file coords-v7.pdb (PDB, C-alpha atoms, pLDDT in the B column)
ATOM      1  CA  MET A   1    -129.751-141.778 215.856  1.00 45.00           C
ATOM      2  CA  ALA A   2    -131.863-143.933 213.540  1.00 46.00           C
ATOM      3  CA  THR A   3    -132.115-141.045 211.083  1.00 44.00           C
ATOM      4  CA  VAL A   4    -128.314-140.805 210.823  1.00 41.00           C
ATOM      5  CA  ALA A   5    -127.949-144.537 210.228  1.00 40.00           C
ATOM      6  CA  LYS A   6    -130.652-144.459 207.577  1.00 42.00           C
ATOM      7  CA  ALA A   7    -128.987-141.552 205.781  1.00 36.00           C
ATOM      8  CA  ARG A   8    -125.654-143.390 205.674  1.00 39.00           C
ATOM      9  CA  THR A   9    -127.147-146.452 204.025  1.00 40.00           C
ATOM     10  CA  GLY A  10    -128.606-144.430 201.192  1.00 41.00           C
ATOM     11  CA  GLY A  11    -132.283-145.069 201.766  1.00 41.00           C
ATOM     12  CA  GLY A  12    -132.499-147.946 204.157  1.00 50.00           C
ATOM     13  CA  SER A  13    -132.114-151.689 204.028  1.00 79.00           C
ATOM     14  CA  GLY A  14    -135.259-152.192 201.944  1.00 90.00           C
ATOM     15  CA  GLN A  15    -133.715-150.509 198.920  1.00 94.00           C
ATOM     16  CA  THR A  16    -130.439-152.338 199.482  1.00 94.00           C
ATOM     17  CA  ALA A  17    -132.253-155.669 199.617  1.00 94.00           C
ATOM     18  CA  ILE A  18    -134.115-154.883 196.395  1.00 95.00           C
ATOM     19  CA  ALA A  19    -130.844-153.839 194.732  1.00 96.00           C
ATOM     20  CA  LEU A  20    -129.153-157.090 195.807  1.00 97.00           C
ATOM     21  CA  ARG A  21    -132.144-159.071 194.569  1.00 97.00           C
ATOM     22  CA  VAL A  22    -131.926-157.393 191.159  1.00 97.00           C
ATOM     23  CA  LEU A  23    -128.180-158.095 191.152  1.00 98.00           C
ATOM     24  CA  ALA A  24    -128.852-161.769 191.948  1.00 98.00           C
ATOM     25  CA  ILE A  25    -131.310-162.050 189.055  1.00 98.00           C
ATOM     26  CA  PHE A  26    -128.871-160.552 186.544  1.00 98.00           C
ATOM     27  CA  VAL A  27    -125.931-162.618 187.800  1.00 98.00           C
ATOM     28  CA  GLY A  28    -128.210-165.662 187.550  1.00 98.00           C
ATOM     29  CA  VAL A  29    -128.965-164.832 183.920  1.00 98.00           C
ATOM     30  CA  PHE A  30    -125.207-164.512 183.321  1.00 98.00           C
ATOM     31  CA  PHE A  31    -124.601-168.003 184.758  1.00 98.00           C
ATOM     32  CA  LEU A  32    -127.415-169.479 182.661  1.00 98.00           C
ATOM     33  CA  ALA A  33    -125.840-167.995 179.533  1.00 98.00           C
ATOM     34  CA  MET A  34    -122.443-169.373 180.544  1.00 97.00           C
ATOM     35  CA  ALA A  35    -123.969-172.814 181.130  1.00 98.00           C
ATOM     36  CA  PHE A  36    -125.679-172.847 177.738  1.00 97.00           C
ATOM     37  CA  ASN A  37    -122.383-171.801 176.163  1.00 96.00           C
ATOM     38  CA  LYS A  38    -120.783-174.976 177.607  1.00 97.00           C
ATOM     39  CA  ILE A  39    -123.588-177.445 176.969  1.00 97.00           C
ATOM     40  CA  GLU A  40    -121.453-179.341 174.431  1.00 97.00           C
ATOM     41  CA  TRP A  41    -118.976-180.180 177.182  1.00 97.00           C
ATOM     42  CA  VAL A  42    -121.480-182.582 178.726  1.00 96.00           C
ATOM     43  CA  THR A  43    -121.216-184.920 175.746  1.00 96.00           C
ATOM     44  CA  ASN A  44    -117.665-184.051 174.632  1.00 97.00           C
ATOM     45  CA  SER A  45    -115.205-183.526 177.482  1.00 97.00           C
ATOM     46  CA  ASN A  46    -112.367-183.145 174.975  1.00 97.00           C
ATOM     47  CA  LEU A  47    -113.507-179.559 174.404  1.00 97.00           C
ATOM     48  CA  LEU A  48    -112.479-178.657 177.951  1.00 97.00           C
ATOM     49  CA  LEU A  49    -109.424-180.906 177.900  1.00 97.00           C
ATOM     50  CA  GLU A  50    -108.136-179.129 174.781  1.00 97.00           C
ATOM     51  CA  ARG A  51    -108.471-175.765 176.539  1.00 95.00           C
ATOM     52  CA  PHE A  52    -106.481-176.991 179.517  1.00 96.00           C
ATOM     53  CA  GLN A  53    -103.807-178.428 177.242  1.00 96.00           C
ATOM     54  CA  ARG A  54    -103.642-175.152 175.311  1.00 95.00           C
ATOM     55  CA  TRP A  55    -103.247-173.087 178.506  1.00 93.00           C
ATOM     56  CA  ALA A  56    -100.663-175.329 180.241  1.00 94.00           C
ATOM     57  CA  PRO A  57     -97.488-174.676 178.169  1.00 94.00           C
ATOM     58  CA  THR A  58     -97.558-170.895 178.688  1.00 90.00           C
ATOM     59  CA  ALA A  59     -98.937-170.918 182.221  1.00 91.00           C
ATOM     60  CA  ARG A  60     -97.029-169.746 185.259  1.00 91.00           C
ATOM     61  CA  PRO A  61     -95.391-172.642 187.149  1.00 94.00           C
ATOM     62  CA  TRP A  62     -98.017-172.941 189.904  1.00 93.00           C
ATOM     63  CA  VAL A  63    -100.853-172.685 187.380  1.00 94.00           C
ATOM     64  CA  ARG A  64     -99.177-175.289 185.145  1.00 95.00           C
ATOM     65  CA  TRP A  65     -98.893-177.587 188.173  1.00 96.00           C
ATOM     66  CA  TYR A  66    -102.606-177.089 188.863  1.00 96.00           C
ATOM     67  CA  LEU A  67    -103.539-177.765 185.249  1.00 96.00           C
ATOM     68  CA  GLU A  68    -101.343-180.842 184.898  1.00 96.00           C
ATOM     69  CA  THR A  69    -102.115-182.308 188.330  1.00 97.00           C
ATOM     70  CA  LEU A  70    -105.799-181.546 188.815  1.00 96.00           C
ATOM     71  CA  ALA A  71    -107.506-179.975 185.816  1.00 96.00           C
ATOM     72  CA  ILE A  72    -106.283-182.148 182.942  1.00 97.00           C
ATOM     73  CA  PRO A  73    -106.836-185.485 184.741  1.00 98.00           C
ATOM     74  CA  GLY A  74    -110.210-184.217 185.998  1.00 97.00           C
ATOM     75  CA  ALA A  75    -111.358-182.779 182.663  1.00 97.00           C
ATOM     76  CA  PRO A  76    -113.943-185.521 181.993  1.00 97.00           C
ATOM     77  CA  ILE A  77    -115.592-184.771 185.347  1.00 98.00           C
ATOM     78  CA  PHE A  78    -115.211-180.971 185.191  1.00 97.00           C
ATOM     79  CA  ALA A  79    -116.661-180.913 181.666  1.00 97.00           C
ATOM     80  CA  ARG A  80    -119.903-182.247 183.072  1.00 97.00           C
ATOM     81  CA  VAL A  81    -119.910-180.582 186.483  1.00 97.00           C
ATOM     82  CA  VAL A  82    -119.161-177.019 185.342  1.00 97.00           C
ATOM     83  CA  PRO A  83    -122.129-176.519 182.974  1.00 98.00           C
ATOM     84  CA  ILE A  84    -124.480-178.227 185.409  1.00 98.00           C
ATOM     85  CA  ALA A  85    -123.156-176.127 188.327  1.00 98.00           C
ATOM     86  CA  GLU A  86    -123.444-172.914 186.296  1.00 98.00           C
ATOM     87  CA  PHE A  87    -126.995-173.823 185.303  1.00 98.00           C
ATOM     88  CA  ALA A  88    -127.941-174.646 188.902  1.00 98.00           C
ATOM     89  CA  ALA A  89    -126.314-171.446 190.191  1.00 98.00           C
ATOM     90  CA  GLY A  90    -128.149-169.411 187.567  1.00 98.00           C
ATOM     91  CA  ILE A  91    -131.553-170.858 188.384  1.00 98.00           C
ATOM     92  CA  SER A  92    -130.924-170.613 192.137  1.00 97.00           C
ATOM     93  CA  LEU A  93    -129.930-166.957 191.930  1.00 98.00           C
ATOM     94  CA  ILE A  94    -132.874-166.093 189.675  1.00 97.00           C
ATOM     95  CA  ILE A  95    -135.483-167.694 191.929  1.00 96.00           C
ATOM     96  CA  GLY A  96    -133.656-166.765 195.121  1.00 96.00           C
ATOM     97  CA  PHE A  97    -132.967-170.231 196.482  1.00 96.00           C
ATOM     98  CA  TRP A  98    -130.210-169.919 199.116  1.00 95.00           C
ATOM     99  CA  PRO A  99    -128.602-166.932 197.366  1.00 96.00           C
ATOM    100  CA  ARG A 100    -125.772-166.478 199.874  1.00 96.00           C
ATOM    101  CA  LEU A 101    -124.628-170.086 199.699  1.00 97.00           C
ATOM    102  CA  VAL A 102    -125.038-170.276 195.920  1.00 97.00           C
ATOM    103  CA  ALA A 103    -123.142-167.001 195.438  1.00 98.00           C
ATOM    104  CA  ALA A 104    -120.292-168.262 197.636  1.00 98.00           C
ATOM    105  CA  LEU A 105    -120.053-171.545 195.715  1.00 98.00           C
ATOM    106  CA  ALA A 106    -120.252-169.729 192.370  1.00 98.00           C
ATOM    107  CA  LEU A 107    -117.495-167.394 193.569  1.00 98.00           C
ATOM    108  CA  VAL A 108    -115.236-170.403 194.179  1.00 97.00           C
ATOM    109  CA  MET A 109    -116.045-171.633 190.665  1.00 96.00           C
ATOM    110  CA  VAL A 110    -115.248-168.232 189.104  1.00 96.00           C
ATOM    111  CA  LEU A 111    -112.012-167.857 191.085  1.00 95.00           C
ATOM    112  CA  ASN A 112    -111.000-171.371 190.026  1.00 94.00           C
ATOM    113  CA  PHE A 113    -111.532-170.464 186.375  1.00 93.00           C
ATOM    114  CA  HIS A 114    -109.479-167.282 186.657  1.00 92.00           C
ATOM    115  CA  PHE A 115    -106.710-169.149 188.454  1.00 91.00           C
ATOM    116  CA  ALA A 116    -106.631-171.885 185.782  1.00 91.00           C
ATOM    117  CA  THR A 117    -106.363-169.298 183.011  1.00 88.00           C
ATOM    118  CA  ALA A 118    -103.766-167.300 185.001  1.00 85.00           C
ATOM    119  CA  SER A 119    -105.827-164.215 184.225  1.00 87.00           C
ATOM    120  CA  PHE A 120    -105.328-162.727 187.716  1.00 84.00           C
ATOM    121  CA  TRP A 121    -101.842-161.714 186.667  1.00 80.00           C
ATOM    122  CA  SER A 122    -102.792-159.886 183.484  1.00 84.00           C
ATOM    123  CA  TRP A 123    -103.908-156.330 182.879  1.00 87.00           C
ATOM    124  CA  GLU A 124    -106.749-157.670 180.707  1.00 89.00           C
ATOM    125  CA  PHE A 125    -108.316-159.291 183.785  1.00 89.00           C
ATOM    126  CA  LEU A 126    -109.288-155.857 185.104  1.00 90.00           C
ATOM    127  CA  ARG A 127    -111.261-155.180 181.906  1.00 91.00           C
ATOM    128  CA  ASP A 128    -112.832-158.633 181.670  1.00 89.00           C
ATOM    129  CA  GLY A 129    -116.564-158.656 182.378  1.00 90.00           C
ATOM    130  CA  THR A 130    -116.251-162.121 183.911  1.00 90.00           C
ATOM    131  CA  GLY A 131    -113.551-160.859 186.269  1.00 93.00           C
ATOM    132  CA  PRO A 132    -113.958-158.026 188.775  1.00 95.00           C
ATOM    133  CA  PRO A 133    -117.666-157.301 188.069  1.00 96.00           C
ATOM    134  CA  ILE A 134    -118.773-160.911 188.611  1.00 97.00           C
ATOM    135  CA  ILE A 135    -116.394-161.450 191.527  1.00 97.00           C
ATOM    136  CA  GLY A 136    -117.662-158.250 193.160  1.00 97.00           C
ATOM    137  CA  ALA A 137    -121.299-159.157 192.556  1.00 98.00           C
ATOM    138  CA  LEU A 138    -120.839-162.649 193.989  1.00 98.00           C
ATOM    139  CA  LEU A 139    -119.013-161.247 197.025  1.00 98.00           C
ATOM    140  CA  ALA A 140    -121.832-158.748 197.615  1.00 97.00           C
ATOM    141  CA  LEU A 141    -124.439-161.499 197.360  1.00 97.00           C
ATOM    142  CA  SER A 142    -122.400-163.828 199.597  1.00 97.00           C
ATOM    143  CA  ILE A 143    -122.225-161.132 202.267  1.00 96.00           C
ATOM    144  CA  GLY A 144    -125.622-159.465 202.038  1.00 95.00           C
ATOM    145  CA  GLY A 145    -127.826-161.906 200.174  1.00 92.00           C
ATOM    146  CA  ALA A 146    -129.823-163.185 203.140  1.00 89.00           C
ATOM    147  CA  ARG A 147    -133.551-162.510 203.428  1.00 88.00           C
ATOM    148  CA  LEU A 148    -133.884-160.752 200.085  1.00 90.00           C
ATOM    149  CA  PRO A 149    -137.340-159.938 198.721  1.00 92.00           C
ATOM    150  CA  TRP A 150    -138.978-162.205 196.139  1.00 87.00           C
ATOM    151  CA  THR A 151    -136.982-165.292 196.995  1.00 86.00           C
ATOM    152  CA  VAL A 152    -137.942-168.911 197.439  1.00 84.00           C
ATOM    153  CA  ARG A 153    -135.674-169.309 200.452  1.00 69.00           C
ATOM    154  CA  SER A 154    -132.776-167.311 201.802  1.00 52.00           C
TER     155      SER A 154
END
call {"tool": "encode", "arguments": {"input": "coords-v7.pdb", "output": "structure tokens"}}
result
Amino acid sequence: MATVAKARTGGGSGQTAIALRVLAIFVGVFFLAMAFNKIEWVTNSNLLLERFQRWAPTARPWVRWYLETLAIPGAPIFARVVPIAEFAAGISLIIGFWPRLVAALALVMVLNFHFATASFWSWEFLRDGTGPPIIGALLALSIGGARLPWTVRS
């Protein structure tokens, strides 16, 4: 019975754990790069505000409501929180500090971004490297990221 279960998993849980750990490291590097790309937001929240204002006029009604009600008024806060959260998520995933929790929180952040840009409803979303691949990776880490090898704490 154990042999059948091992065959189905493709080599056992050790290889799966190593694969998830490698995935966490690369997703962490992605978040670090995204954070460094937004470092200017920390000192100039208008950069994010201008994006929100640019997206709002052509957004779907529920996305426009979100942008006008939450995102635009909160831009000064989000402009500082987002790069810091992406940096923290990146470091946490790289060193393996609470990877399941960090992946779940990062997933919420990524979904929020895609909702605000209304990208879920476009064909381009399916080809966007920050879309399905990152969402899938974060889901996998949220589900199976406990007790991975080479982590600080899981």
call {"tool": "atom_distance", "arguments": {"input": "coords-v7.pdb", "atom1": "CA of Leu126 in chain A", "atom2": "CA of Val29 in chain A"}}
result
21.7 Å
call {"tool": "closest_residue", "arguments": {"input": "coords-v7.pdb", "among": "A:Ile77, A:Leu49, A:Ala59, A:Val82", "to": "Ala35 in chain A", "atoms": "all atoms listed in the file"}}
result
A:Val82
call {"tool": "residues_near_point", "arguments": {"input": "coords-v7.pdb", "point": "(-130.5, -156.7, 196.6)", "cutoff": "10 Å", "atoms": "only C-alpha atoms", "output": "PyMOL selection string"}}
result
chain A and resi 13-25+140-141+144-149
call {"tool": "closest_residue", "arguments": {"input": "coords-v7.pdb", "among": "A:Asn37, A:Thr130, A:Asn46, A:Gln53", "to": "Leu67 in chain A", "atoms": "all atoms listed in the file"}}
result
A:Gln53
call {"tool": "closest_residue", "arguments": {"input": "coords-v7.pdb", "among": "A:Val63, A:Leu48, A:Leu138, A:Ala116", "to": "Ala104 in chain A", "atoms": "all atoms listed in the file"}}
result
A:Leu138
call {"tool": "closest_residue", "arguments": {"input": "coords-v7.pdb", "among": "A:Val110, A:Leu139, A:Ile94, A:Ile134", "to": "Thr151 in chain A", "atoms": "all atoms listed in the file"}}
result
A:Ile94
call {"tool": "resolve_selection", "arguments": {"input": "coords-v7.pdb", "expression": "the PyMOL selection byres ((chain A and resi 87-89) around 8)", "output": "count of residues only"}}
result
17
call {"tool": "atom_distance", "arguments": {"input": "coords-v7.pdb", "atom1": "CA of Ser142 in chain A", "atom2": "CA of Arg100 in chain A"}}
result
4.3 Å
call {"tool": "atom_distance", "arguments": {"input": "coords-v7.pdb", "atom1": "CA of Phe30 in chain A", "atom2": "CA of Gly96 in chain A"}}
result
14.7 Å
call {"tool": "residues_around", "arguments": {"input": "coords-v7.pdb", "residues": "Val152 in chain A", "least_positions_apart": "5", "cutoff": "8 Å", "atoms": "all atoms listed in the file", "output": "ChimeraX atom specification"}}
result
/A:95-98
call {"tool": "decode", "arguments": {"input": "coords-v7.pdb", "residues": "range 18-51 of chain A", "atoms": "N, CA and C atoms", "output": "mmCIF file, in the first residue's frame"}}
result
data_model
loop_
_atom_site.group_PDB
_atom_site.id
_atom_site.type_symbol
_atom_site.label_atom_id
_atom_site.label_comp_id
_atom_site.auth_asym_id
_atom_site.auth_seq_id
_atom_site.Cartn_x
_atom_site.Cartn_y
_atom_site.Cartn_z
ATOM 1 N N ILE A 18 11.135 19.678 -1.307
ATOM 2 C CA ILE A 18 12.269 20.381 -1.910
ATOM 3 C C ILE A 18 11.780 21.251 -3.071
ATOM 4 N N ALA A 19 10.872 20.711 -3.874
ATOM 5 C CA ALA A 19 10.327 21.475 -5.006
ATOM 6 C C ALA A 19 9.585 22.715 -4.512
ATOM 7 N N LEU A 20 8.781 22.579 -3.463
ATOM 8 C CA LEU A 20 8.072 23.732 -2.908
ATOM 9 C C LEU A 20 9.045 24.741 -2.306
ATOM 10 N N ARG A 21 10.114 24.246 -1.716
ATOM 11 C CA ARG A 21 11.116 25.161 -1.148
ATOM 12 C C ARG A 21 11.791 25.976 -2.244
ATOM 13 N N VAL A 22 12.136 25.303 -3.342
ATOM 14 C CA VAL A 22 12.732 26.005 -4.490
ATOM 15 C C VAL A 22 11.736 27.031 -5.038
ATOM 16 N N LEU A 23 10.469 26.630 -5.139
ATOM 17 C CA LEU A 23 9.427 27.547 -5.597
ATOM 18 C C LEU A 23 9.346 28.765 -4.677
ATOM 19 N N ALA A 24 9.389 28.549 -3.377
ATOM 20 C CA ALA A 24 9.325 29.652 -2.413
ATOM 21 C C ALA A 24 10.500 30.610 -2.605
ATOM 22 N N ILE A 25 11.677 30.081 -2.840
ATOM 23 C CA ILE A 25 12.853 30.940 -3.032
ATOM 24 C C ILE A 25 12.673 31.809 -4.273
ATOM 25 N N PHE A 26 12.231 31.208 -5.375
ATOM 26 C CA PHE A 26 12.086 31.978 -6.614
ATOM 27 C C PHE A 26 10.935 32.982 -6.545
ATOM 28 N N VAL A 27 9.847 32.617 -5.884
ATOM 29 C CA VAL A 27 8.753 33.571 -5.697
ATOM 30 C C VAL A 27 9.222 34.698 -4.773
ATOM 31 N N GLY A 28 10.040 34.372 -3.786
ATOM 32 C CA GLY A 28 10.609 35.398 -2.915
ATOM 33 C C GLY A 28 11.483 36.379 -3.683
ATOM 34 N N VAL A 29 12.283 35.875 -4.598
ATOM 35 C CA VAL A 29 13.110 36.750 -5.435
ATOM 36 C C VAL A 29 12.216 37.649 -6.284
ATOM 37 N N PHE A 30 11.127 37.094 -6.816
ATOM 38 C CA PHE A 30 10.167 37.883 -7.590
ATOM 39 C C PHE A 30 9.622 39.034 -6.748
ATOM 40 N N PHE A 31 9.204 38.755 -5.514
ATOM 41 C CA PHE A 31 8.657 39.809 -4.653
ATOM 42 C C PHE A 31 9.708 40.854 -4.284
ATOM 43 N N LEU A 32 10.947 40.436 -4.091
ATOM 44 C CA LEU A 32 12.008 41.422 -3.840
ATOM 45 C C LEU A 32 12.163 42.351 -5.040
ATOM 46 N N ALA A 33 12.170 41.780 -6.234
ATOM 47 C CA ALA A 33 12.292 42.609 -7.443
ATOM 48 C C ALA A 33 11.110 43.569 -7.561
ATOM 49 N N MET A 34 9.912 43.089 -7.260
ATOM 50 C CA MET A 34 8.737 43.954 -7.320
ATOM 51 C C MET A 34 8.838 45.072 -6.281
ATOM 52 N N ALA A 35 9.344 44.760 -5.109
ATOM 53 C CA ALA A 35 9.498 45.781 -4.064
ATOM 54 C C ALA A 35 10.508 46.842 -4.489
ATOM 55 N N PHE A 36 11.627 46.417 -5.033
ATOM 56 C CA PHE A 36 12.641 47.383 -5.472
ATOM 57 C C PHE A 36 12.122 48.243 -6.616
ATOM 58 N N ASN A 37 11.240 47.686 -7.429
ATOM 59 C CA ASN A 37 10.636 48.429 -8.525
ATOM 60 C C ASN A 37 9.726 49.550 -8.013
ATOM 61 N N LYS A 38 9.232 49.415 -6.773
ATOM 62 C CA LYS A 38 8.285 50.382 -6.205
ATOM 63 C C LYS A 38 8.901 51.222 -5.093
ATOM 64 N N ILE A 39 10.189 51.181 -4.936
ATOM 65 C CA ILE A 39 10.834 51.869 -3.825
ATOM 66 C C ILE A 39 10.550 53.369 -3.817
ATOM 67 N N GLU A 40 10.364 53.956 -4.994
ATOM 68 C CA GLU A 40 10.072 55.395 -5.080
ATOM 69 C C GLU A 40 8.730 55.750 -4.455
ATOM 70 N N TRP A 41 7.824 54.787 -4.404
ATOM 71 C CA TRP A 41 6.506 55.042 -3.826
ATOM 72 C C TRP A 41 6.606 55.471 -2.365
ATOM 73 N N VAL A 42 7.599 54.963 -1.665
ATOM 74 C CA VAL A 42 7.730 55.247 -0.236
ATOM 75 C C VAL A 42 7.877 56.750 0.009
ATOM 76 N N THR A 43 8.571 57.428 -0.873
ATOM 77 C CA THR A 43 8.774 58.868 -0.701
ATOM 78 C C THR A 43 7.849 59.714 -1.570
ATOM 79 N N ASN A 44 7.188 59.094 -2.556
ATOM 80 C CA ASN A 44 6.306 59.840 -3.453
ATOM 81 C C ASN A 44 5.041 59.027 -3.733
ATOM 82 N N SER A 45 4.055 59.171 -2.877
ATOM 83 C CA SER A 45 2.817 58.396 -3.022
ATOM 84 C C SER A 45 2.001 58.808 -4.242
ATOM 85 N N ASN A 46 2.320 59.945 -4.827
ATOM 86 C CA ASN A 46 1.612 60.379 -6.038
ATOM 87 C C ASN A 46 1.820 59.418 -7.204
ATOM 88 N N LEU A 47 2.922 58.694 -7.201
ATOM 89 C CA LEU A 47 3.169 57.716 -8.267
ATOM 90 C C LEU A 47 2.076 56.647 -8.288
ATOM 91 N N LEU A 48 1.689 56.168 -7.126
ATOM 92 C CA LEU A 48 0.611 55.183 -7.044
ATOM 93 C C LEU A 48 -0.735 55.845 -7.279
ATOM 94 N N LEU A 49 -0.939 57.000 -6.705
ATOM 95 C CA LEU A 49 -2.196 57.729 -6.880
ATOM 96 C C LEU A 49 -2.476 57.977 -8.362
ATOM 97 N N GLU A 50 -1.468 58.368 -9.113
ATOM 98 C CA GLU A 50 -1.644 58.613 -10.548
ATOM 99 C C GLU A 50 -2.061 57.343 -11.285
ATOM 100 N N ARG A 51 -1.523 56.205 -10.883
ATOM 101 C CA ARG A 51 -1.944 54.934 -11.497
ATOM 102 C C ARG A 51 -3.425 54.676 -11.238
#
